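Listing of input.tsv, TSV, C-alpha atoms
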```tsv
chain	number	residue	atom	x	y	z
A	1	MET	CA	7.74	11.14	-0.30
A	2	LYS	CA	6.53	13.94	-2.57
A	3	LEU	CA	5.03	13.60	-6.04
A	4	GLU	CA	4.88	16.31	-8.67
A	5	ILE	CA	2.86	15.65	-11.81
A	6	THR	CA	3.35	17.54	-15.06
A	7	THR	CA	2.30	17.03	-18.67
A	8	SER	CA	4.56	17.08	-21.72
A	9	GLY	CA	2.91	16.28	-25.04
A	10	GLN	CA	1.29	12.86	-24.75
A	11	PHE	CA	3.19	12.07	-21.56
A	12	LYS	CA	2.41	12.55	-17.93
A	13	ILE	CA	5.60	12.92	-15.91
A	14	VAL	CA	5.63	11.98	-12.25
A	15	LYS	CA	8.61	13.39	-10.37
A	16	VAL	CA	9.14	11.45	-7.16
A	17	ASP	CA	11.10	12.84	-4.25
A	18	GLY	CA	12.18	10.90	-1.17
A	19	ARG	CA	11.61	7.24	-0.38
A	20	ILE	CA	9.37	4.51	-1.77
A	21	ASP	CA	9.36	1.95	1.02
A	22	THR	CA	6.82	-0.23	2.82
A	23	THR	CA	5.16	2.69	4.59
A	24	ARG	CA	4.95	4.87	1.46
A	25	ALA	CA	4.40	2.38	-1.39
A	26	VAL	CA	0.60	2.29	-1.01
A	27	GLU	CA	0.33	6.06	-1.38
A	28	PHE	CA	2.67	6.03	-4.38
A	29	GLU	CA	0.71	3.24	-6.05
A	30	SER	CA	-2.71	4.79	-5.52
A	31	SER	CA	-1.56	8.22	-6.77
A	32	VAL	CA	-0.08	6.84	-9.98
A	33	VAL	CA	-2.88	4.33	-10.61
A	34	ASN	CA	-5.34	7.19	-10.11
A	35	LEU	CA	-3.47	9.09	-12.82
A	36	ILE	CA	-3.64	6.13	-15.22
A	37	ASP	CA	-7.36	5.81	-14.49
A	38	GLN	CA	-7.77	9.41	-15.64
A	39	ASP	CA	-6.98	8.40	-19.19
A	40	CYS	CA	-3.19	8.55	-18.99
A	41	ASN	CA	-1.60	5.95	-21.22
A	42	ASN	CA	1.97	7.28	-21.47
A	43	LEU	CA	3.84	7.69	-18.25
A	44	ILE	CA	7.36	8.71	-17.24
A	45	ILE	CA	8.57	8.41	-13.65
A	46	ASN	CA	11.41	10.86	-13.02
A	47	CYS	CA	13.50	9.33	-10.22
A	48	LEU	CA	16.02	12.15	-9.79
A	49	GLY	CA	14.83	12.81	-6.23
A	50	LEU	CA	14.29	9.15	-5.33
A	51	ASN	CA	16.90	8.23	-2.74
A	52	TYR	CA	15.63	4.90	-1.39
A	53	ILE	CA	13.55	2.02	-2.71
A	54	SER	CA	12.70	-1.36	-1.18
A	55	SER	CA	10.92	-4.41	-2.61
A	56	SER	CA	7.56	-2.76	-1.78
A	57	GLY	CA	8.46	0.07	-4.14
A	58	LEU	CA	9.83	-2.23	-6.83
A	59	ARG	CA	6.57	-4.15	-6.64
A	60	VAL	CA	4.62	-0.98	-7.52
A	61	PHE	CA	6.85	-0.31	-10.55
A	62	LEU	CA	6.14	-3.84	-11.77
A	63	VAL	CA	2.39	-3.36	-11.23
A	64	LEU	CA	2.47	-0.12	-13.26
A	65	GLN	CA	4.49	-1.74	-16.04
A	66	LYS	CA	2.05	-4.65	-16.30
A	67	ARG	CA	-0.94	-2.33	-16.19
A	68	LEU	CA	0.30	0.00	-18.94
A	69	ALA	CA	1.60	-2.85	-21.11
A	70	GLY	CA	-1.86	-4.41	-20.87
A	71	GLN	CA	-3.43	-1.31	-22.40
A	72	GLN	CA	-0.69	-0.73	-25.02
A	73	GLY	CA	0.63	2.21	-23.03
A	74	VAL	CA	4.19	3.44	-22.56
A	75	PHE	CA	6.00	3.30	-19.23
A	76	ARG	CA	9.46	4.82	-18.91
A	77	LEU	CA	11.78	5.69	-16.06
A	78	CYS	CA	14.52	8.27	-16.02
A	79	CYS	CA	17.26	9.84	-13.91
A	80	LEU	CA	17.95	6.95	-11.50
A	81	LYS	CA	20.66	7.69	-8.95
A	82	PRO	CA	23.51	5.11	-8.94
A	83	GLU	CA	22.35	3.55	-5.64
A	84	ILE	CA	18.81	3.14	-7.03
A	85	GLN	CA	20.13	1.81	-10.34
A	86	GLU	CA	22.09	-0.77	-8.32
A	87	ILE	CA	18.90	-2.09	-6.70
A	88	PHE	CA	17.22	-2.27	-10.14
A	89	ASP	CA	20.27	-4.15	-11.49
A	90	ILE	CA	20.29	-6.64	-8.61
A	91	SER	CA	16.57	-7.34	-9.04
A	92	GLY	CA	16.84	-7.85	-12.78
A	93	PHE	CA	14.54	-4.82	-13.19
A	94	SER	CA	17.00	-2.91	-15.40
A	95	THR	CA	16.16	-5.20	-18.30
A	96	ILE	CA	12.40	-5.18	-17.67
A	97	PHE	CA	11.99	-1.40	-17.71
A	98	GLN	CA	12.85	1.25	-20.24
A	99	ILE	CA	15.30	3.39	-18.29
A	100	PHE	CA	16.69	6.66	-19.66
A	101	PRO	CA	19.46	8.92	-18.35
A	102	THR	CA	17.47	12.16	-18.75
A	103	GLU	CA	13.84	13.26	-18.95
A	104	GLU	CA	14.44	14.54	-22.50
A	105	ALA	CA	15.72	11.12	-23.58
A	106	ALA	CA	12.72	9.46	-21.92
A	107	LEU	CA	10.32	11.76	-23.79
A	108	ALA	CA	12.06	11.06	-27.09
A	109	GLY	CA	12.37	7.34	-26.31
A	110	GLU	CA	16.02	7.44	-27.35
A	111	LYS	CA	18.73	6.06	-25.10
B	1	MET	CA	34.94	-3.97	21.63
B	2	ASN	CA	33.53	-1.33	23.99
B	3	THR	CA	29.93	-0.25	24.56
B	4	HIS	CA	30.19	2.41	21.83
B	5	ASP	CA	30.46	-0.40	19.31
B	6	ARG	CA	27.13	-1.93	20.26
B	7	LYS	CA	23.63	-0.59	19.86
B	8	GLN	CA	20.17	-2.05	19.97
B	9	LEU	CA	16.74	-1.21	18.69
B	10	ILE	CA	13.45	-2.71	19.84
B	11	LEU	CA	10.47	-2.56	17.50
B	12	GLY	CA	6.83	-3.53	17.91
B	13	ASN	CA	5.28	-5.66	15.17
B	14	ARG	CA	3.54	-2.71	13.51
B	15	VAL	CA	4.53	-1.22	10.16
B	16	GLU	CA	4.58	2.30	11.66
B	17	GLU	CA	7.64	1.21	13.64
B	18	LEU	CA	9.66	1.27	10.42
B	19	THR	CA	9.94	5.07	10.59
B	20	LYS	CA	11.54	4.63	14.01
B	21	MET	CA	14.06	2.29	12.41
B	22	GLU	CA	14.72	4.77	9.60
B	23	THR	CA	15.62	7.49	12.13
B	24	PHE	CA	17.69	5.06	14.20
B	25	LEU	CA	19.75	4.03	11.15
B	26	GLU	CA	20.40	7.63	10.16
B	27	GLU	CA	21.75	8.29	13.65
B	28	LEU	CA	23.75	5.06	13.60
B	29	GLY	CA	25.32	6.09	10.30
B	30	THR	CA	26.38	9.41	11.79
B	31	ASP	CA	27.57	7.99	15.14
B	32	TRP	CA	29.58	5.20	13.53
B	33	ASN	CA	30.67	7.31	10.58
B	34	LEU	CA	29.34	4.77	8.07
B	35	PRO	CA	29.37	5.56	4.34
B	36	MET	CA	25.92	6.57	3.00
B	37	PRO	CA	25.61	3.67	0.49
B	38	LEU	CA	26.19	1.24	3.36
B	39	VAL	CA	23.48	2.89	5.48
B	40	LEU	CA	21.05	2.58	2.55
B	41	ASN	CA	21.89	-1.10	2.04
B	42	LEU	CA	21.53	-1.70	5.75
B	43	ASN	CA	18.16	0.02	5.75
B	44	LEU	CA	17.05	-2.10	2.80
B	45	ALA	CA	18.15	-5.42	4.30
B	46	LEU	CA	16.50	-4.58	7.62
B	47	GLU	CA	13.28	-3.31	6.09
B	48	GLU	CA	12.94	-6.51	4.06
B	49	ALA	CA	13.70	-8.77	7.03
B	50	ILE	CA	11.49	-6.88	9.49
B	51	THR	CA	8.46	-6.50	7.20
B	52	ASN	CA	8.67	-10.21	6.48
B	53	ILE	CA	8.45	-10.92	10.21
B	54	MET	CA	5.64	-8.39	10.71
B	55	PHE	CA	3.51	-9.63	7.81
B	56	TYR	CA	4.11	-13.38	7.92
B	57	GLY	CA	5.82	-14.25	11.19
B	58	TYR	CA	2.98	-14.47	13.66
B	59	ASP	CA	0.10	-16.86	14.10
B	60	ASP	CA	-1.85	-14.56	16.41
B	61	GLU	CA	-2.98	-10.94	16.56
B	62	GLU	CA	-1.00	-10.13	19.71
B	63	SER	CA	1.73	-7.52	20.13
B	64	HIS	CA	5.26	-8.81	19.74
B	65	THR	CA	8.67	-7.22	19.91
B	66	ILE	CA	11.54	-7.59	17.49
B	67	LEU	CA	15.04	-7.03	18.84
B	68	ILE	CA	17.76	-5.76	16.56
B	69	GLU	CA	21.35	-5.71	17.83
B	70	PHE	CA	24.13	-3.90	16.02
B	71	SER	CA	27.81	-4.41	16.63
B	72	ARG	CA	30.88	-3.32	14.77
B	73	THR	CA	34.60	-3.79	14.54
B	74	ASP	CA	36.91	-1.63	12.43
B	75	ASN	CA	35.84	-3.22	9.20
B	76	GLN	CA	32.86	-5.43	9.98
B	77	LEU	CA	29.23	-4.73	10.81
B	78	THR	CA	27.10	-7.46	12.38
B	79	ILE	CA	23.35	-7.32	12.96
B	80	HIS	CA	21.25	-9.82	14.85
B	81	ILE	CA	17.49	-9.79	14.37
B	82	ILE	CA	15.61	-11.78	17.00
B	83	ASP	CA	11.87	-12.44	16.88
B	84	ASP	CA	9.42	-14.78	18.60
B	85	GLY	CA	7.38	-15.59	15.49
B	86	HIS	CA	6.96	-19.09	14.14
B	87	GLU	CA	10.00	-20.86	12.78
B	88	TYR	CA	11.05	-19.43	9.44
B	89	ASP	CA	14.42	-19.68	7.73
B	90	PRO	CA	14.64	-17.02	5.02
B	91	THR	CA	18.00	-18.34	3.85
B	92	ALA	CA	16.27	-21.55	2.74
B	93	ARG	CA	13.99	-19.72	0.34
B	94	PRO	CA	14.90	-20.27	-3.33
B	95	ASP	CA	16.02	-17.17	-5.26
B	96	PRO	CA	13.56	-15.68	-7.76
B	97	ASP	CA	14.27	-15.95	-11.48
B	98	ILE	CA	15.41	-12.41	-12.25
B	99	THR	CA	15.76	-13.07	-15.97
B	100	LEU	CA	12.02	-13.35	-16.62
B	101	ALA	CA	10.25	-10.72	-18.74
B	102	ALA	CA	7.90	-8.26	-17.03
B	103	GLU	CA	4.75	-10.16	-17.94
B	104	ASP	CA	6.14	-13.35	-16.40
B	105	ARG	CA	7.64	-11.81	-13.27
B	106	PRO	CA	5.56	-12.56	-10.20
B	107	ILE	CA	4.55	-9.55	-8.10
B	108	GLY	CA	6.64	-9.84	-4.96
B	109	GLY	CA	9.14	-12.42	-3.70
B	110	LEU	CA	12.14	-10.12	-4.01
B	111	GLY	CA	12.66	-9.07	-0.40
B	112	ILE	CA	14.80	-11.91	0.90
B	113	PHE	CA	16.79	-12.01	-2.33
B	114	LEU	CA	17.66	-8.34	-1.82
B	115	ILE	CA	18.86	-9.04	1.74
B	116	LYS	CA	21.22	-11.73	0.45
B	117	LYS	CA	22.48	-9.47	-2.33
B	118	VAL	CA	23.21	-6.33	-0.32
B	119	MET	CA	24.72	-8.15	2.68
B	120	ASP	CA	27.91	-10.25	2.56
B	121	GLN	CA	26.64	-13.07	4.75
B	122	VAL	CA	23.20	-14.10	6.06
B	123	ASP	CA	22.81	-16.86	8.65
B	124	TYR	CA	19.75	-18.26	10.35
B	125	GLU	CA	19.34	-20.14	13.59
B	126	ARG	CA	16.32	-21.29	15.63
B	127	LYS	CA	16.89	-21.42	19.39
B	128	GLU	CA	14.61	-21.28	22.41
B	129	ASN	CA	11.52	-20.75	20.24
B	130	LYS	CA	13.02	-17.69	18.60
B	131	ASN	CA	14.33	-16.87	15.14
B	132	TYR	CA	17.87	-15.48	14.99
B	133	LEU	CA	18.89	-13.88	11.74
B	134	LYS	CA	22.48	-12.71	11.53
B	135	LEU	CA	23.61	-10.28	8.85
B	136	ASN	CA	27.24	-9.41	8.14
B	137	LYS	CA	28.61	-6.61	6.04
B	138	ARG	CA	32.14	-5.41	5.48
B	139	ILE	CA	32.66	-1.69	6.13
B	140	GLU	CA	34.53	-0.28	3.17
B	141	LYS	CA	36.21	3.05	3.74
```
Would you mind giving the structure from this file in structure tokens?
Amino acid sequence: MKLEITTSGQFKIVKVDGRIDTTRAVEFESSVVNLIDQDCNNLIINCLGLNYISSSGLRVFLVLQKRLAGQQGVFRLCCLKPEIQEIFDISGFSTIFQIFPTEEAALAGEK
Amino acid sequence: MNTHDRKQLILGNRVEELTKMETFLEELGTDWNLPMPLVLNLNLALEEAITNIMFYGYDDEESHTILIEFSRTDNQLTIHIIDDGHEYDPTARPDPDITLAAEDRPIGGLGIFLIKKVMDQVDYERKENKNYLKLNKRIEK
């Protein structure tokens, strides 16, 4: 798993490459929580390079959503591959999260 | 069925063993010419089942092994997961409520639900002090 963090306006964008599974979820969580701790309130996770997620990874997304919602922040996802979208659909996560087809749409908040 | 249609993987009850499984499944996908979405679903179902055993299956701190047997026919994949942990039937676990809003969703509890969703059939049996979990999935070409 590789993370690339950029800034666009008020948003931090985390581009994740690879897998978020049991062995990698802890690292993913601590990196993103660390970012939120550094005064980041508006976060986009770009999932274009995400090719596998298990319940350990889904758990982290839920943690981040709860955390940011608790501080009136914004949490958005974009660019999910069809096989990742399927796992989100199965879990009922597609309705919990704000998911956008592109990074531009996620920044604008328009589906 | 000949020997090319059967494979097995033995894992220790340590999380690091999951990377071994990841590599094994990639090779299995290539050897058996399985479609990529099926390999991903297989990986997901196995990761959920195996981590459940590793984290909650044992009452001691000893080393244990988990045996995973794979067999296939033309259109059917069958996996047996055999562990010597305490008796636990994942198929008996109630499904989570996936319609709840984020603030009401509990953290966790999705793993077994995902196994049931990505596999066609999940069966559990307890024999000779071991748990046998059988997963079936149709191979779509």
Checklist entry - Using only C-alpha atoms, which residue out of B:Ile98, B:Ile79, B:Ile139, B:Val39 lies closest to Tyr52 of chain A? => result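 Using only C-alpha atoms, the shortest distance to Tyr52 of chain A belongs to B:Val39.
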Determine, for each residue of chain B having at least one atom at most 7 Å from an atom of chain A, the closest pair of atoms and their separation in Å to one decimal, counting all atoms listed in the file; order by chain and ascending number, as a tab-separated table.
```
residue	atom	partner	partner_atom	distance
B:Val15	CA	A:Thr23	CA	6.8
B:Pro37	CA	A:Glu83	CA	6.9
B:Leu44	CA	A:Ser54	CA	5.9
B:Ile98	CA	A:Gly92	CA	4.8
B:Thr99	CA	A:Gly92	CA	6.2
B:Ala101	CA	A:Ile96	CA	6.0
B:Ala102	CA	A:Ile96	CA	5.5
B:Glu103	CA	A:Lys66	CA	6.4
B:Ile107	CA	A:Arg59	CA	5.9
B:Gly108	CA	A:Arg59	CA	5.9
B:Leu110	CA	A:Ser55	CA	6.0
B:Gly111	CA	A:Ser55	CA	5.4
```
Include C-alpha atoms and write out the residues we just selected as a tab-separated table (two decimals), keeping the file's coordinate frame.
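Done, and the output landed in part.tsv:
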```
chain	number	residue	atom	x	y	z
B	15	VAL	CA	4.53	-1.22	10.16
B	37	PRO	CA	25.61	3.67	0.49
B	44	LEU	CA	17.05	-2.10	2.80
B	98	ILE	CA	15.41	-12.41	-12.25
B	99	THR	CA	15.76	-13.07	-15.97
B	101	ALA	CA	10.25	-10.72	-18.74
B	102	ALA	CA	7.90	-8.26	-17.03
B	103	GLU	CA	4.75	-10.16	-17.94
B	107	ILE	CA	4.55	-9.55	-8.10
B	108	GLY	CA	6.64	-9.84	-4.96
B	110	LEU	CA	12.14	-10.12	-4.01
B	111	GLY	CA	12.66	-9.07	-0.40
```
Next on the checklist: Here's a test: counting all atoms listed in the file, identify every protein, DNA and RNA residue with an atom at most 12 Å from (26.8, -10.7, 3.9) in the file's coordinate frame, and state them as a PyMOL selection string.
Outcome noted: chain B and resi 38+41-42+45+76-79+91+113-123+133-139
Item to check | A:Ala105, A:Leu50, A:Gln72, A:Lys12 ranked by distance to Gln85 of chain A, top pick (using all atoms listed in the file) | outcome: A:Leu50
Next on the checklist: Can you measure atom CA of Asn41 of chain A to atom CA of Gly18 of chain A for me? One decimal in Å is fine.
Outcome noted: 24.8 Å
Next on the checklist: So, with only C-alpha atoms as the atoms that count, which of A:Ile45, A:Ala108, A:Ile20, A:Leu64 lies closest to Cys79 of chain A?
Outcome noted: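 Checking each of A:Ile45, A:Ala108, A:Ile20, A:Leu64 against Cys79 of chain A, counting only C-alpha atoms, the winner is A:Ile45.
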Next on the checklist: List as a ChimeraX atom specification the protein and nucleic acid residues near Glu87 of chain B, meaning an atom at most 12 Å away when only C-alpha atoms are counted, but skip any in the same chain fewer than 2 places from it.
Outcome noted: /B:53,56-59,82-85,89-90,92,124-133
Just to be explicit: take each residue in the selection above, keep C-alpha atoms, and write the result as a PDB file, in the coordinates of the input.
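Dumped to selection-v2.pdb:
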```pdb
ATOM      1  CA  ILE B  53       8.450 -10.920  10.210  1.00  0.00           C
ATOM      2  CA  TYR B  56       4.110 -13.380   7.920  1.00  0.00           C
ATOM      3  CA  GLY B  57       5.820 -14.250  11.190  1.00  0.00           C
ATOM      4  CA  TYR B  58       2.980 -14.470  13.660  1.00  0.00           C
ATOM      5  CA  ASP B  59       0.100 -16.860  14.100  1.00  0.00           C
ATOM      6  CA  ILE B  82      15.610 -11.780  17.000  1.00  0.00           C
ATOM      7  CA  ASP B  83      11.870 -12.440  16.880  1.00  0.00           C
ATOM      8  CA  ASP B  84       9.420 -14.780  18.600  1.00  0.00           C
ATOM      9  CA  GLY B  85       7.380 -15.590  15.490  1.00  0.00           C
ATOM     10  CA  ASP B  89      14.420 -19.680   7.730  1.00  0.00           C
ATOM     11  CA  PRO B  90      14.640 -17.020   5.020  1.00  0.00           C
ATOM     12  CA  ALA B  92      16.270 -21.550   2.740  1.00  0.00           C
ATOM     13  CA  TYR B 124      19.750 -18.260  10.350  1.00  0.00           C
ATOM     14  CA  GLU B 125      19.340 -20.140  13.590  1.00  0.00           C
ATOM     15  CA  ARG B 126      16.320 -21.290  15.630  1.00  0.00           C
ATOM     16  CA  LYS B 127      16.890 -21.420  19.390  1.00  0.00           C
ATOM     17  CA  GLU B 128      14.610 -21.280  22.410  1.00  0.00           C
ATOM     18  CA  ASN B 129      11.520 -20.750  20.240  1.00  0.00           C
ATOM     19  CA  LYS B 130      13.020 -17.690  18.600  1.00  0.00           C
ATOM     20  CA  ASN B 131      14.330 -16.870  15.140  1.00  0.00           C
ATOM     21  CA  TYR B 132      17.870 -15.480  14.990  1.00  0.00           C
ATOM     22  CA  LEU B 133      18.890 -13.880  11.740  1.00  0.00           C
TER      23      LEU B 133
END
```
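For the pair atom CA of Leu107 of chain A and atom CA of Asn34 of chain A, the separation is 21.3 Å.
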Next on the checklist: Between B:Leu100, B:Leu9, B:Leu40, B:Ile50, which residue has the minimum interatomic distance to Ser71 of chain B, considering only C-alpha atoms?
Outcome noted: B:Leu9
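What separates atom CA of Gly57 of chain A from atom CA of Glu140 of chain B is a distance of 27.1 Å.
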Item to check | Neighbour residues at most 10 Å from (19.4, -3.2, 21.7) (all atoms listed in the file) as a list in words | outcome: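 The residues that fall inside the cut-off are Arg6, Lys7, Gln8, Leu9, Ile10, Leu11, Ile66, Leu67, Ile68, Glu69, Phe70, Ser71 and His80 of chain B.
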